[in-house]
file protein-v4.tsv (TSV, C-alpha atoms and all ligand atoms)
chain	number	residue	atom	x	y	z
E	27	MET	CA	78.96	40.63	35.66
E	28	PRO	CA	77.12	38.27	38.08
E	29	GLU	CA	77.47	34.54	37.47
E	30	ASN	CA	75.03	32.73	35.17
E	31	GLN	CA	73.95	35.91	33.43
E	32	GLU	CA	74.13	36.07	29.64
E	33	PRO	CA	76.31	38.87	28.18
E	34	PRO	CA	74.69	41.23	25.62
E	35	ALA	CA	73.78	39.07	22.59
E	36	ASN	CA	75.65	41.12	19.99
E	37	SER	CA	78.68	42.05	22.10
E	38	ALA	CA	81.59	42.96	19.83
E	39	PRO	CA	84.79	40.89	20.01
E	40	PRO	CA	87.19	42.47	22.51
E	41	ALA	CA	89.81	44.76	20.96
E	42	VAL	CA	92.43	43.61	23.48
E	43	ASN	CA	93.38	40.18	24.79
E	44	ARG	CA	91.90	39.88	28.30
E	45	ARG	CA	93.86	37.22	30.20
E	46	TRP	CA	93.99	35.57	33.62
E	47	MET	CA	97.68	35.08	34.56
E	48	ILE	CA	98.67	32.76	37.42
E	49	ALA	CA	99.68	34.92	40.41
E	50	SER	CA	100.02	32.46	43.30
E	51	VAL	CA	99.66	28.80	44.21
E	52	PRO	CA	96.21	28.05	45.73
E	53	GLY	CA	96.11	27.08	49.41
E	54	GLU	CA	93.12	25.22	50.81
E	55	LEU	CA	90.76	26.94	48.37
E	56	VAL	CA	91.06	28.56	44.94
E	57	SER	CA	90.23	32.26	44.78
E	58	GLN	CA	90.48	35.23	42.47
E	59	ASP	CA	93.60	36.28	44.45
E	60	ASN	CA	95.47	33.39	42.81
E	61	PHE	CA	95.14	35.18	39.44
E	62	ARG	CA	96.03	38.52	37.88
E	63	TRP	CA	93.82	40.15	35.20
E	64	VAL	CA	95.92	41.52	32.33
E	65	GLU	CA	94.91	43.22	29.09
E	66	SER	CA	97.42	42.99	26.25
E	67	PRO	CA	97.39	43.41	22.45
E	68	ILE	CA	95.81	40.63	20.38
E	69	PRO	CA	98.71	38.40	19.24
E	70	SER	CA	99.39	37.52	15.58
E	71	PRO	CA	99.98	34.00	14.32
E	72	SER	CA	103.25	33.12	12.55
E	73	SER	CA	103.60	30.57	9.78
E	74	GLY	CA	102.21	27.19	10.97
E	75	GLN	CA	100.05	28.82	13.67
E	76	VAL	CA	96.44	29.92	14.11
E	77	LEU	CA	94.86	32.70	16.14
E	78	VAL	CA	91.71	31.49	17.90
E	79	ARG	CA	89.06	33.32	19.91
E	80	ASN	CA	88.11	31.20	22.95
E	81	LEU	CA	84.35	30.64	23.27
E	82	TRP	CA	83.90	27.99	25.98
E	83	LEU	CA	86.34	26.83	28.66
E	84	SER	CA	86.19	23.51	30.46
E	85	LEU	CA	86.92	23.86	34.19
E	86	ASP	CA	88.80	20.81	35.47
E	87	PRO	CA	89.97	20.11	39.04
E	88	THR	CA	93.50	19.23	37.81
E	89	GLN	CA	93.94	22.84	36.65
E	90	VAL	CA	95.02	23.72	40.19
E	91	LEU	CA	97.92	21.28	39.82
E	92	ALA	CA	99.06	23.14	36.71
E	93	MET	CA	99.23	26.39	38.72
E	94	ALA	CA	102.35	25.25	40.59
E	95	GLU	CA	105.82	24.23	39.47
E	96	SER	CA	109.17	23.57	41.10
E	97	SER	CA	111.88	26.23	41.02
E	98	PRO	CA	115.47	25.13	40.27
E	99	THR	CA	116.00	25.01	44.06
E	100	GLY	CA	113.02	22.66	44.51
E	101	GLU	CA	110.70	25.33	45.94
E	102	VAL	CA	107.02	25.24	44.88
E	103	VAL	CA	106.37	28.45	42.94
E	104	PRO	CA	103.47	29.75	40.81
E	105	ALA	CA	103.65	28.53	37.20
E	106	SER	CA	104.26	31.36	34.77
E	107	GLY	CA	101.83	32.62	32.18
E	108	VAL	CA	98.17	32.16	31.54
E	109	LEU	CA	96.31	29.13	32.92
E	110	ARG	CA	95.90	26.58	30.13
E	111	ALA	CA	92.54	24.92	29.62
E	112	GLN	CA	90.63	22.54	27.45
E	113	ALA	CA	88.53	24.86	25.30
E	114	VAL	CA	86.37	25.30	22.26
E	115	ALA	CA	87.34	28.28	20.11
E	116	GLN	CA	86.78	29.87	16.72
E	117	VAL	CA	89.65	30.34	14.29
E	118	VAL	CA	90.14	34.07	13.61
E	119	ASP	CA	93.25	33.87	11.41
E	120	SER	CA	94.99	30.76	10.10
E	121	ARG	CA	98.54	30.38	8.85
E	122	ARG	CA	98.29	26.63	9.26
E	123	GLU	CA	97.23	24.16	6.60
E	124	GLY	CA	93.97	22.35	7.36
E	125	PHE	CA	92.46	25.21	9.42
E	126	ARG	CA	90.52	28.25	8.18
E	127	ALA	CA	88.95	31.37	9.66
E	128	GLY	CA	85.49	30.78	11.06
E	129	GLN	CA	86.10	27.12	11.89
E	130	ILE	CA	85.16	25.89	15.40
E	131	VAL	CA	87.96	23.90	17.02
E	132	HIS	CA	88.57	21.93	20.21
E	133	GLY	CA	91.98	21.99	21.88
E	134	PHE	CA	94.14	23.10	24.77
E	135	PHE	CA	94.11	26.89	24.81
E	136	GLY	CA	93.91	29.26	27.81
E	137	TRP	CA	92.03	31.55	30.18
E	138	GLU	CA	92.10	34.42	27.71
E	139	ASP	CA	90.09	35.81	24.81
E	140	TYR	CA	92.66	35.00	22.13
E	141	THR	CA	95.30	32.26	21.89
E	142	VAL	CA	97.99	31.73	19.24
E	143	THR	CA	98.75	28.03	18.82
E	144	ASP	CA	100.21	25.54	16.39
E	145	GLY	CA	97.59	23.09	17.66
E	146	SER	CA	100.03	20.57	19.10
E	147	GLY	CA	100.53	19.64	22.74
E	148	PHE	CA	98.56	17.97	25.53
E	149	LEU	CA	95.35	17.88	23.48
E	150	PRO	CA	95.95	18.32	19.74
E	151	MET	CA	93.60	20.83	18.09
E	152	THR	CA	90.80	19.21	16.07
E	153	PRO	CA	87.81	20.70	14.23
E	154	VAL	CA	84.45	20.36	15.99
E	155	PRO	CA	82.13	18.55	13.56
E	156	SER	CA	79.31	20.74	12.24
E	157	GLY	CA	76.11	20.23	14.20
E	158	VAL	CA	77.93	19.66	17.51
E	159	ALA	CA	77.23	22.52	19.93
E	160	PRO	CA	80.38	24.16	21.35
E	161	ASN	CA	79.31	23.49	24.95
E	162	LEU	CA	78.86	19.77	24.19
E	163	ALA	CA	82.29	19.70	22.50
E	164	ALA	CA	83.91	21.31	25.56
E	165	GLY	CA	82.24	19.02	28.10
E	166	THR	CA	80.61	15.69	27.42
E	167	PHE	CA	82.36	15.27	24.04
E	168	GLY	CA	85.64	16.58	25.56
E	169	LEU	CA	87.96	14.86	28.03
E	170	THR	CA	85.18	14.77	30.65
E	171	GLY	CA	82.91	12.49	28.67
E	172	MET	CA	85.83	10.54	27.22
E	173	ALA	CA	87.13	9.72	30.73
E	174	ALA	CA	83.65	8.53	31.72
E	175	TYR	CA	83.12	6.48	28.56
E	176	PHE	CA	86.47	4.67	28.45
E	177	GLY	CA	86.70	4.45	32.24
E	178	VAL	CA	83.37	2.66	32.52
E	179	LEU	CA	83.55	0.52	29.40
E	180	ASP	CA	87.24	-0.28	28.83
E	181	VAL	CA	88.55	-0.26	32.38
E	182	GLY	CA	85.40	-1.15	34.34
E	183	LYS	CA	84.15	-3.81	31.88
E	184	PRO	CA	80.56	-3.66	33.14
E	185	GLN	CA	78.15	-6.59	33.09
E	186	ALA	CA	74.36	-6.15	33.28
E	187	GLY	CA	73.05	-6.73	36.79
E	188	GLU	CA	76.24	-5.62	38.53
E	189	THR	CA	76.45	-2.89	41.19
E	190	PHE	CA	78.28	0.34	40.25
E	191	LEU	CA	79.38	2.99	42.76
E	192	VAL	CA	80.81	6.36	41.66
E	193	SER	CA	82.34	9.20	43.73
E	194	GLY	CA	82.11	12.83	42.62
E	195	ALA	CA	78.85	11.50	41.22
E	196	ALA	CA	77.11	14.84	40.60
E	197	GLY	CA	80.11	16.24	38.73
E	198	GLY	CA	80.96	16.26	35.04
E	199	VAL	CA	82.69	12.88	34.80
E	200	GLY	CA	80.66	11.22	37.57
E	201	SER	CA	77.21	12.09	36.20
E	202	ILE	CA	78.13	10.72	32.76
E	203	ALA	CA	79.90	7.61	34.14
E	204	GLY	CA	76.87	6.65	36.20
E	205	GLN	CA	74.48	7.11	33.28
E	206	ILE	CA	76.68	4.99	31.00
E	207	ALA	CA	76.69	2.23	33.62
E	208	LYS	CA	72.87	2.44	33.81
E	209	ILE	CA	72.59	2.22	30.02
E	210	HIS	CA	74.52	-1.07	30.34
E	211	GLY	CA	72.03	-2.45	32.87
E	212	LEU	CA	73.91	-1.86	36.13
E	213	ARG	CA	72.48	-0.64	39.43
E	214	VAL	CA	74.06	2.77	40.00
E	215	ILE	CA	74.78	4.50	43.31
E	216	GLY	CA	76.47	7.91	43.53
E	217	VAL	CA	78.42	9.56	46.36
E	218	THR	CA	78.08	13.34	46.45
E	219	GLY	CA	78.10	16.25	48.90
E	220	GLY	CA	74.80	17.45	50.36
E	221	LYS	CA	71.16	16.43	50.45
E	222	GLU	CA	70.21	18.73	47.59
E	223	LYS	CA	72.92	17.23	45.34
E	224	CYS	CA	71.71	13.71	46.23
E	225	GLU	CA	68.20	14.69	45.12
E	226	TRP	CA	69.62	16.27	41.93
E	227	LEU	CA	71.44	13.00	41.19
E	228	LEU	CA	68.26	10.91	41.46
E	229	ARG	CA	66.14	13.44	39.53
E	230	GLU	CA	68.47	14.70	36.79
E	231	ALA	CA	70.98	11.87	36.31
E	232	ARG	CA	68.40	9.18	37.20
E	233	PHE	CA	70.71	7.22	39.51
E	234	ASP	CA	69.21	4.43	41.63
E	235	ALA	CA	70.51	5.75	44.95
E	236	ALA	CA	72.72	8.48	46.39
E	237	ILE	CA	74.96	8.84	49.45
E	238	ASP	CA	75.68	12.23	51.03
E	239	HIS	CA	79.34	12.20	52.11
E	240	ARG	CA	78.84	15.41	54.09
E	241	SER	CA	76.13	14.19	56.48
E	242	GLU	CA	76.18	10.38	56.23
E	243	ASP	CA	78.64	7.66	57.21
E	244	VAL	CA	79.70	6.60	53.71
E	245	GLY	CA	80.85	3.10	54.71
E	246	SER	CA	77.68	2.10	56.52
E	247	ARG	CA	75.50	3.60	53.76
E	248	ILE	CA	77.38	1.56	51.11
E	249	SER	CA	76.89	-1.55	53.26
E	250	ALA	CA	73.17	-0.83	53.62
E	251	LEU	CA	72.62	-0.11	49.92
E	252	CYS	CA	74.95	-2.85	48.63
E	253	PRO	CA	74.71	-5.74	51.10
E	254	ASP	CA	76.45	-8.05	48.60
E	255	GLY	CA	79.19	-5.50	47.86
E	256	ILE	CA	80.26	-3.44	44.85
E	257	ASP	CA	81.32	-4.80	41.46
E	258	ILE	CA	82.73	-1.55	40.06
E	259	PHE	CA	83.90	1.54	41.95
E	260	PHE	CA	84.57	4.53	39.66
E	261	ASP	CA	86.68	6.96	41.69
E	262	ASN	CA	86.93	10.68	40.97
E	263	VAL	CA	87.78	11.81	44.48
E	264	GLY	CA	90.17	9.43	46.35
E	265	GLY	CA	90.77	9.68	50.13
E	266	GLY	CA	88.38	8.13	52.64
E	267	ILE	CA	85.66	7.32	50.09
E	268	LEU	CA	88.09	5.15	48.10
E	269	ASP	CA	88.99	3.33	51.30
E	270	GLU	CA	85.35	2.61	52.16
E	271	ALA	CA	84.71	1.28	48.65
E	272	LEU	CA	87.83	-0.93	48.69
E	273	ALA	CA	86.55	-2.59	51.87
E	274	ARG	CA	83.29	-3.53	50.14
E	275	LEU	CA	84.40	-4.93	46.77
E	276	ARG	CA	82.82	-8.15	45.57
E	277	PRO	CA	84.86	-11.04	44.14
E	278	ASN	CA	86.49	-9.89	40.86
E	279	GLY	CA	85.58	-6.28	41.70
E	280	ARG	CA	87.14	-3.44	39.72
E	281	VAL	CA	88.26	0.02	40.87
E	282	VAL	CA	88.54	2.58	38.08
E	283	LEU	CA	90.94	5.37	39.11
E	284	CYS	CA	89.87	8.44	37.17
E	285	GLY	CA	90.86	11.26	39.53
E	286	GLY	CA	91.55	12.34	43.11
E	287	THR	CA	89.89	15.73	43.59
E	288	SER	CA	90.17	15.49	47.41
E	289	ARG	CA	93.99	15.49	47.06
E	290	TYR	CA	94.56	18.32	44.60
E	291	LEU	CA	94.47	21.13	47.18
E	292	ALA	CA	95.68	19.06	50.14
E	293	ASN	CA	98.90	20.36	51.67
E	294	ASP	CA	99.69	17.05	53.32
E	295	LEU	CA	98.76	14.05	51.26
E	296	PRO	CA	96.65	11.54	53.21
E	297	PRO	CA	98.18	8.13	53.89
E	298	GLY	CA	97.51	5.48	51.25
E	299	PRO	CA	94.25	3.53	51.41
E	300	LYS	CA	94.42	1.11	54.31
E	301	ASN	CA	91.94	-1.33	52.75
E	302	TYR	CA	93.88	-1.99	49.54
E	303	LEU	CA	94.77	-5.54	50.63
E	304	ASN	CA	91.13	-6.45	50.17
E	305	LEU	CA	91.99	-6.55	46.45
E	306	VAL	CA	93.90	-9.77	47.26
E	307	MET	CA	90.95	-11.32	49.06
E	308	VAL	CA	88.47	-10.63	46.25
E	309	ASN	CA	90.86	-11.13	43.33
E	310	GLY	CA	90.15	-7.49	42.51
E	311	ARG	CA	91.70	-5.01	40.12
E	312	MET	CA	92.48	-1.29	40.53
E	313	GLU	CA	93.47	0.50	37.33
E	314	GLY	CA	94.01	4.09	36.29
E	315	LEU	CA	93.01	5.69	33.01
E	316	LEU	CA	94.08	8.79	31.11
E	317	ALA	CA	91.34	9.81	28.69
E	318	ARG	CA	93.66	11.49	26.17
E	319	ASP	CA	95.39	8.11	25.57
E	320	TYR	CA	92.15	6.99	23.90
E	321	ALA	CA	92.21	9.91	21.40
E	322	GLY	CA	92.19	7.53	18.42
E	323	ARG	CA	88.84	6.21	19.62
E	324	PHE	CA	87.19	9.55	20.52
E	325	PRO	CA	85.10	9.52	17.30
E	326	GLU	CA	83.67	6.11	18.25
E	327	ALA	CA	82.83	7.32	21.78
E	328	ARG	CA	81.26	10.57	20.52
E	329	ALA	CA	79.14	8.76	17.92
E	330	THR	CA	77.84	6.32	20.52
E	331	MET	CA	77.15	9.05	23.06
E	332	ALA	CA	75.44	11.23	20.44
E	333	GLU	CA	73.07	8.34	19.76
E	334	TRP	CA	72.36	7.92	23.50
E	335	ILE	CA	71.66	11.66	23.80
E	336	ARG	CA	69.36	11.56	20.75
E	337	SER	CA	67.43	8.60	22.18
E	338	GLY	CA	67.13	10.28	25.60
E	339	GLN	CA	69.18	7.62	27.42
E	340	LEU	CA	71.99	10.07	28.26
E	341	ARG	CA	71.72	13.63	29.56
E	342	SER	CA	74.66	15.98	29.16
E	343	LEU	CA	74.29	17.82	32.47
E	344	GLU	CA	76.05	21.18	32.48
E	345	ASP	CA	76.61	24.01	34.94
E	346	VAL	CA	77.42	27.18	33.00
E	347	VAL	CA	79.06	30.34	34.37
E	348	VAL	CA	79.13	33.24	31.90
E	349	GLY	CA	81.98	35.72	31.32
E	350	LEU	CA	85.78	35.37	31.23
E	351	GLU	CA	85.94	37.64	34.27
E	352	ASN	CA	84.25	34.86	36.28
E	353	ALA	CA	86.77	32.10	35.43
E	354	PRO	CA	88.39	32.01	38.92
E	355	SER	CA	85.02	31.71	40.69
E	356	ALA	CA	83.98	28.98	38.21
E	357	LEU	CA	87.12	26.98	39.09
E	358	ALA	CA	86.47	27.50	42.81
E	359	ARG	CA	83.03	25.90	42.42
E	360	LEU	CA	84.70	22.52	41.79
E	361	PHE	CA	86.32	22.62	45.24
E	362	SER	CA	83.36	24.00	47.19
E	363	GLY	CA	81.15	21.42	45.48
E	364	ALA	CA	78.84	24.12	44.08
E	365	ASN	CA	78.70	22.61	40.58
E	366	ARG	CA	75.98	20.25	39.41
E	367	GLY	CA	77.14	18.48	36.25
E	368	LYS	CA	80.01	19.62	34.07
E	369	GLN	CA	81.39	23.04	35.03
E	370	LEU	CA	81.77	25.15	31.90
E	371	LEU	CA	82.54	28.83	31.34
E	372	LYS	CA	80.96	30.57	28.38
E	373	ILE	CA	82.94	33.50	26.99
E	374	ALA	CA	81.25	34.22	23.68
E	375	ASP	CA	79.13	32.91	20.83
E	376	PRO	CA	80.82	32.16	17.48
E	377	SER	CA	80.95	35.09	15.08
E	378	GLU	CA	79.02	34.68	11.83
E	379	ALA	CA	81.24	37.40	10.31
E	380	LEU	CA	84.23	35.06	10.35
E	381	VAL	CA	82.54	32.28	8.38
E	382	ALA	CA	83.42	32.61	4.68
F	1	LIG	N1	91.74	10.47	34.03
F	1	LIG	C1	91.35	11.37	33.13
F	1	LIG	O1	91.71	11.34	31.96
F	1	LIG	C2	90.46	12.47	33.59
F	1	LIG	C3	89.81	13.33	32.67
F	1	LIG	C4	88.95	14.32	33.17
F	1	LIG	C5	88.78	14.45	34.55
F	1	LIG	N2	89.46	13.59	35.39
F	1	LIG	C6	89.28	13.66	36.85
F	1	LIG	O2	87.95	13.33	37.13
F	1	LIG	C7	87.55	13.95	38.36
F	1	LIG	C8	86.22	14.67	38.13
F	1	LIG	O3	86.44	15.79	37.26
F	1	LIG	P1	85.23	16.75	36.87
F	1	LIG	O4	85.76	17.73	35.89
F	1	LIG	O5	84.05	15.93	36.51
F	1	LIG	O6	84.98	17.52	38.24
F	1	LIG	P2	83.63	17.51	39.09
F	1	LIG	O7	83.48	16.14	39.65
F	1	LIG	O8	82.54	18.08	38.27
F	1	LIG	O9	83.91	18.57	40.23
F	1	LIG	C9	84.58	18.31	41.37
F	1	LIG	C10	83.66	17.71	42.47
F	1	LIG	O10	84.52	17.02	43.38
F	1	LIG	C11	83.91	17.01	44.64
F	1	LIG	N3	84.90	17.39	45.64
F	1	LIG	C12	85.66	18.52	45.67
F	1	LIG	N4	86.49	18.50	46.73
F	1	LIG	C13	86.23	17.32	47.37
F	1	LIG	C14	86.75	16.71	48.54
F	1	LIG	N5	87.72	17.30	49.26
F	1	LIG	N6	86.26	15.49	48.91
F	1	LIG	C15	85.29	14.88	48.19
F	1	LIG	N7	84.76	15.42	47.08
F	1	LIG	C16	85.23	16.62	46.69
F	1	LIG	C17	82.75	18.02	44.63
F	1	LIG	O11	81.57	17.25	44.57
F	1	LIG	P3	80.71	16.89	45.89
F	1	LIG	O12	79.94	18.12	46.23
F	1	LIG	O13	79.88	15.78	45.42
F	1	LIG	O14	81.67	16.51	46.96
F	1	LIG	C18	82.94	18.75	43.31
F	1	LIG	O15	81.71	19.13	42.74
F	1	LIG	C19	88.69	14.89	38.74
F	1	LIG	O16	89.48	14.28	39.73
F	1	LIG	C20	89.48	15.04	37.46
F	1	LIG	O17	90.82	15.32	37.70
F	1	LIG	C21	90.28	12.62	34.94
call {"tool": "encode", "arguments": {"input": "protein-v4.tsv", "output": "C-alpha cells", "more": "lines below"}}
Ligand SMILES: NC(=O)c1ccc[n+]([C@@H]2O[C@H](COP(=O)([O-])OP(=O)(O)OC[C@H]3O[C@@H](n4cnc5c(N)ncnc54)[C@H](OP(=O)(O)O)[C@@H]3O)[C@@H](O)[C@H]2O)c1
result
Amino acid sequence: MPENQEPPANSAPPAVNRRWMIASVPGELVSQDNFRWVESPIPSPSSGQVLVRNLWLSLDPTQVLAMAESSPTGEVVPASGVLRAQAVAQVVDSRREGFRAGQIVHGFFGWEDYTVTDGSGFLPMTPVPSGVAPNLAAGTFGLTGMAAYFGVLDVGKPQAGETFLVSGAAGGVGSIAGQIAKIHGLRVIGVTGGKEKCEWLLREARFDAAIDHRSEDVGSRISALCPDGIDIFFDNVGGGILDEALARLRPNGRVVLCGGTSRYLANDLPPGPKNYLNLVMVNGRMEGLLARDYAGRFPEARATMAEWIRSGQLRSLEDVVVGLENAPSALARLFSGANRGKQLLKIADPSEALVA
C-alpha cells in the first residue's frame, strides 16, 4: 500500500502475526533490505503476560542502534528478532493482573501485529488514559514529548527573554521543544534541512526564525540571528551544528544533549566538538537527559501539555505513514529528513469488539 493512505476502515484483524525481523545492520542509509518480512502464528500469553495488538508505532532514530549487537568475538552483527519499538497497542488477551482485554496501553512492543509481553523492560507498560488519542500517546505524550518537556524545563532552565536554538527543529522532539521554549517567553530559532522545512517551522511550529543546514552556513547564520549569542542550545543532532552552537554560547549558557542523529548511521564517528572549551569561558553547562528517567513525572508533563494543546499554545505536529508493511520506509524518513514533526506509523484502529 502506498504511504499515507488509509487502510480499509473495517479491515479485520490479521489472522497471522506479520513481523519485521532484523536482517542486516544498516550502512549509510536504512532500507527495506535491512529487514525480513515473516508471517507466524499469533502467540499466546502465559500467566503474568498479555497479548497486545499493536496500533501505532513510534519511529525513533535510535532504533537503528538497536539493530546491531556485538558477537562473542567482538564483531558487529545484526541483532536477532523483531525490532522493538515504543508503541500504543490494544490488549487482546490478559493473563496479568491490572490489565484487561480491550484496554489501550503504551509500552515497548515491536514491529509486528501482535506482541506477548509481561509489560516490564525499557518502558514499562501503562494504560493510556481514556480520552487520549493513541497517536498522541505514541508521540507527544510518549518519550518524544517527554524528552522535549524535561529537556527544556529541567535541564535547560529557561528564563523569559532568553534566546533558544534547537537542532533537528522540524522533527518530533525539536518541534515540541521549541514550542515549549516559546510558551516560556523565549526567542526560538530552529536548525533544519531545506528551505521548505524552514518555512514549515515558521508556519506550523511558529518559531521566530529558521536556519537551513543544507544550503546555509550555520555558524554565520547563528551569528547574524543571535548577535549576543545563545542562552540555550537543545541538541538533537550533534556533529558540526553542536560545534557551531558551542562557539556562540552566552555567559551561563546551557547545552541540552538530547540526541545525536547525525552519528547514528556514521561508520566513523566524527572527532569531538572542538569548541567545547568555550564552556569554560562562558561558565556554561552541557548536560544530557534520558526521558525515561523522568517516568515518575510523566503524568505532570502530560497534564501540562494537554492544557497547552487545549489552549492552542502547543501543536502536536505529526507525520503519519500507514501500514505495517511501510515500517522500514517510515524509519528511513528520519535519516533522509523527509519527516515533518513526529514520525508515526499507524497499523490499525482499536477494535470495539474487544471492549467489554
Ligand atoms: N534523550 C532522550 O530520552 C530521547 C528521547 C527521544 C528522542 N531522543 C533523540 O532526540 C532526537 C530527535 O528524535 P526524533 O524522534 O524527534 O527524530 P526527528 O528529529 O523527528 O527525526 C530525525 C531528523 O534528524 C535530522 N537528521 C537526520 N540525519 C541528520 C544528519 N546527518 N545531520 C543533521 N540532521 C540530521 C533530520 O532533520 P533535518 O531534515 O532537519 O536535517 C530528520 O528529520 C534523536 O537523536 C533521538 O535519538 C532522545
call {"tool": "closest_residue", "arguments": {"input": "protein-v4.tsv", "among": "E:Asp261, E:Asp375, E:Glu95, E:Asp269", "to": "ligand LIG 1 (chain F)", "atoms": "only C-alpha atoms and all ligand atoms"}}
result
E:Asp261
call {"tool": "residues_near_ligand", "arguments": {"input": "protein-v4.tsv", "ligand": "ligand LIG 1 (chain F)", "cutoff": "7 Å", "atoms": "all atoms listed in the file", "output": "PyMOL selection string"}}
result
chain E and resi 85-88+169-170+173+194-200+217-220+262-263+284-289+315-318+359-369
call {"tool": "residues_around", "arguments": {"input": "protein-v4.tsv", "residues": "Asp119 (chain E)", "least_positions_apart": "4", "cutoff": "9 Å", "atoms": "only C-alpha atoms", "output": "list of chain:residue names"}}
result
E:Ser70, E:Pro71, E:Gln75, E:Val76, E:Leu77, E:Val78, E:Phe125, E:Arg126, E:Ala127, E:Gly128
call {"tool": "residues_around", "arguments": {"input": "protein-v4.tsv", "residues": "Ile130 (chain E)", "least_positions_apart": "4", "cutoff": "12 Å", "atoms": "only C-alpha atoms", "output": "JSON, numbers by chain"}}
result
{"E": [77, 78, 79, 80, 81, 82, 113, 114, 115, 116, 117, 118, 125, 126, 151, 152, 153, 154, 155, 156, 157, 158, 159, 160, 161, 163, 164, 375, 376, 377, 378, 380, 381]}
call {"tool": "axis_aligned_box", "arguments": {"input": "protein-v4.tsv", "around": "region 298-304 of chain E", "padding_each_side": "4 Å", "output": "lines of an AutoDock Vina configuration file"}}
result
center_x = 94.3
center_y = -0.5
center_z = 51.9
size_x = 14.4
size_y = 19.9
size_z = 12.8
call {"tool": "residues_around", "arguments": {"input": "protein-v4.tsv", "residues": "Tyr320 (chain E)", "least_positions_apart": "4", "cutoff": "12 Å", "atoms": "all atoms listed in the file", "output": "PDB file with C-alpha atoms, in the frame of the given file"}}
result
ATOM      1  CA  LEU E 149      95.350  17.880  23.480  1.00  0.00           C
ATOM      2  CA  GLY E 168      85.640  16.580  25.560  1.00  0.00           C
ATOM      3  CA  LEU E 169      87.960  14.860  28.030  1.00  0.00           C
ATOM      4  CA  GLY E 171      82.910  12.490  28.670  1.00  0.00           C
ATOM      5  CA  MET E 172      85.830  10.540  27.220  1.00  0.00           C
ATOM      6  CA  ALA E 173      87.130   9.720  30.730  1.00  0.00           C
ATOM      7  CA  ALA E 174      83.650   8.530  31.720  1.00  0.00           C
ATOM      8  CA  TYR E 175      83.120   6.480  28.560  1.00  0.00           C
ATOM      9  CA  PHE E 176      86.470   4.670  28.450  1.00  0.00           C
ATOM     10  CA  GLY E 177      86.700   4.450  32.240  1.00  0.00           C
ATOM     11  CA  ASP E 180      87.240  -0.280  28.830  1.00  0.00           C
ATOM     12  CA  VAL E 181      88.550  -0.260  32.380  1.00  0.00           C
ATOM     13  CA  LEU E 315      93.010   5.690  33.010  1.00  0.00           C
ATOM     14  CA  LEU E 316      94.080   8.790  31.110  1.00  0.00           C
ATOM     15  CA  PHE E 324      87.190   9.550  20.520  1.00  0.00           C
ATOM     16  CA  PRO E 325      85.100   9.520  17.300  1.00  0.00           C
ATOM     17  CA  GLU E 326      83.670   6.110  18.250  1.00  0.00           C
ATOM     18  CA  ALA E 327      82.830   7.320  21.780  1.00  0.00           C
ATOM     19  CA  ARG E 328      81.260  10.570  20.520  1.00  0.00           C
TER      20      ARG E 328
END
call {"tool": "residues_around", "arguments": {"input": "protein-v4.tsv", "residues": "Arg247 (chain E)", "least_positions_apart": "3", "cutoff": "10 Å", "atoms": "all atoms listed in the file", "output": "list in words"}}
result
Val217, Ala236, Ile237, Asp238, His239, Glu242, Asp243, Val244, Ala250, Leu251, Cys252 and Pro253 of chain E
call {"tool": "closest_residue", "arguments": {"input": "protein-v4.tsv", "among": "E:Leu291, E:Leu55, E:Cys224, E:Leu303", "to": "Arg274 (chain E)", "atoms": "only C-alpha atoms"}}
result
E:Leu303
call {"tool": "atom_distance", "arguments": {"input": "protein-v4.tsv", "atom1": "CA of Ala186 (chain E)", "atom2": "CA of Met331 (chain E)"}}
result
18.5 Å
call {"tool": "residues_around", "arguments": {"input": "protein-v4.tsv", "residues": "Leu191 (chain E)", "least_positions_apart": "4", "cutoff": "10 Å", "atoms": "all atoms listed in the file", "output": "NGL selection string"}}
result
:E and (195 or 200 or 203-204 or 207 or 212-217 or 235-237 or 248 or 252 or 255-261 or 271 or 281)
call {"tool": "atom_distance", "arguments": {"input": "protein-v4.tsv", "atom1": "CA of Met47 (chain E)", "atom2": "CA of Val142 (chain E)"}}
result
15.7 Å
call {"tool": "closest_residue", "arguments": {"input": "protein-v4.tsv", "among": "E:Leu343, E:Leu83, E:Ala231, E:Val178", "to": "Ala356 (chain E)", "atoms": "all atoms listed in the file"}}
result
E:Leu83
